[in-house]
Amino acid sequence: MNKLMLSCLKASELIEKRNYSPLTIADKIQLSVHLSMCTACKTYEKQSILIDKAIKIIEANAINGSELEKSENKILSAIKDKIDKE
Amino acid sequence: MEKNKIISEWASIYLKDLLKFAHYKTSDMEVAENLVQDTFEAVVQGFDSFSNLSNAKTWIYGILNNKIKDYYKIKKTTSKNVEFVGEFVDSSNNEYFDEQGSWEINKKPKDWLLEENHNLLDDVDFGEVFRQCIENLPDLWRDCIKMRYVSDLKGKDICDVLSINQTNFWQVVHRAKLQLRNCLEINWFEK
């Protein structure tokens, strides 16, 4: 592989990294060049996004909204009591 | 007065996400509630000796994290996903790529025909396979890819709470995604 080109390993790693911190300009350019030429990594990118969506849905359903709110309110008033006593 | 105001403000900002995080780690809302309540008691007590107000979020998550670990110690059972250390990855040894960093032939992502599968995420059977594939990940790997969704932490704060350095974190996320992707391909898309 050409030295100027990212490897697929590096490209797919950058696809994950950019979700957490901004890429450098050089990384951004190299990644977009790579993705314009590499079907496998383009496919990886789509699948990575799908996986994140699925995780988000699972985690949103893992918790009961009204139960969460009840606990939240209970703790809020406990904190208020505690603070008022101090 | 200042102290009370600040703590009440933290509670209103962070409480929901702290509860979500504790629930994720314990799978029990009542336990989560107790742990978060204990966390805030520790926050009230420790407030005066805590000076770095700008980094309050990481501090509070750190306290909660320790409470969660203590909870499992007392319970004397090891949680499936409480252990944060271990299972680091070595990027020089990655079964998905060859020495040049190109995809290994049999690990190369195949087209999942997602354009024709609009309702995939509503499919209960797919959800079940997905859950199973996530369960199969090493604990730290699972925590790393879920952290964005079970807490409101971002970037470096995630690494601090998981006690992992940033480079290693991306590599873990990457490796976890590769394994998850591969698992889905074998158990769903090629079935």
# chains A, B, ... in the order shown; residues from 1 in each chain; ligands from 1
>>> interface_residues(of="chain A", to="chain B", cutoff="10 Å", atoms="only C-alpha atoms", output="MDAnalysis selection string")
chainID A and resid 1 6:22 39:48 50:60 62:64 67:76 78:80 82:84 86
>>> select_by_dssp(residues="chain B", states="helix (DSSP H, G or I)", output="PyMOL selection string")
chain B and resi 2-26+29-49+53-75+105-107+114-116+120-122+124-135+139-150+155-162+166-189
>>> closest_residue(among="B:Asn136, B:Asn119, B:Gln179, B:Thr26", to="Lys75 in chain B", atoms="only C-alpha atoms")
B:Thr26
>>> atom_distance(atom1="CA of Asp70 in chain B", atom2="CA of Ala42 in chain B")
13.9 Å
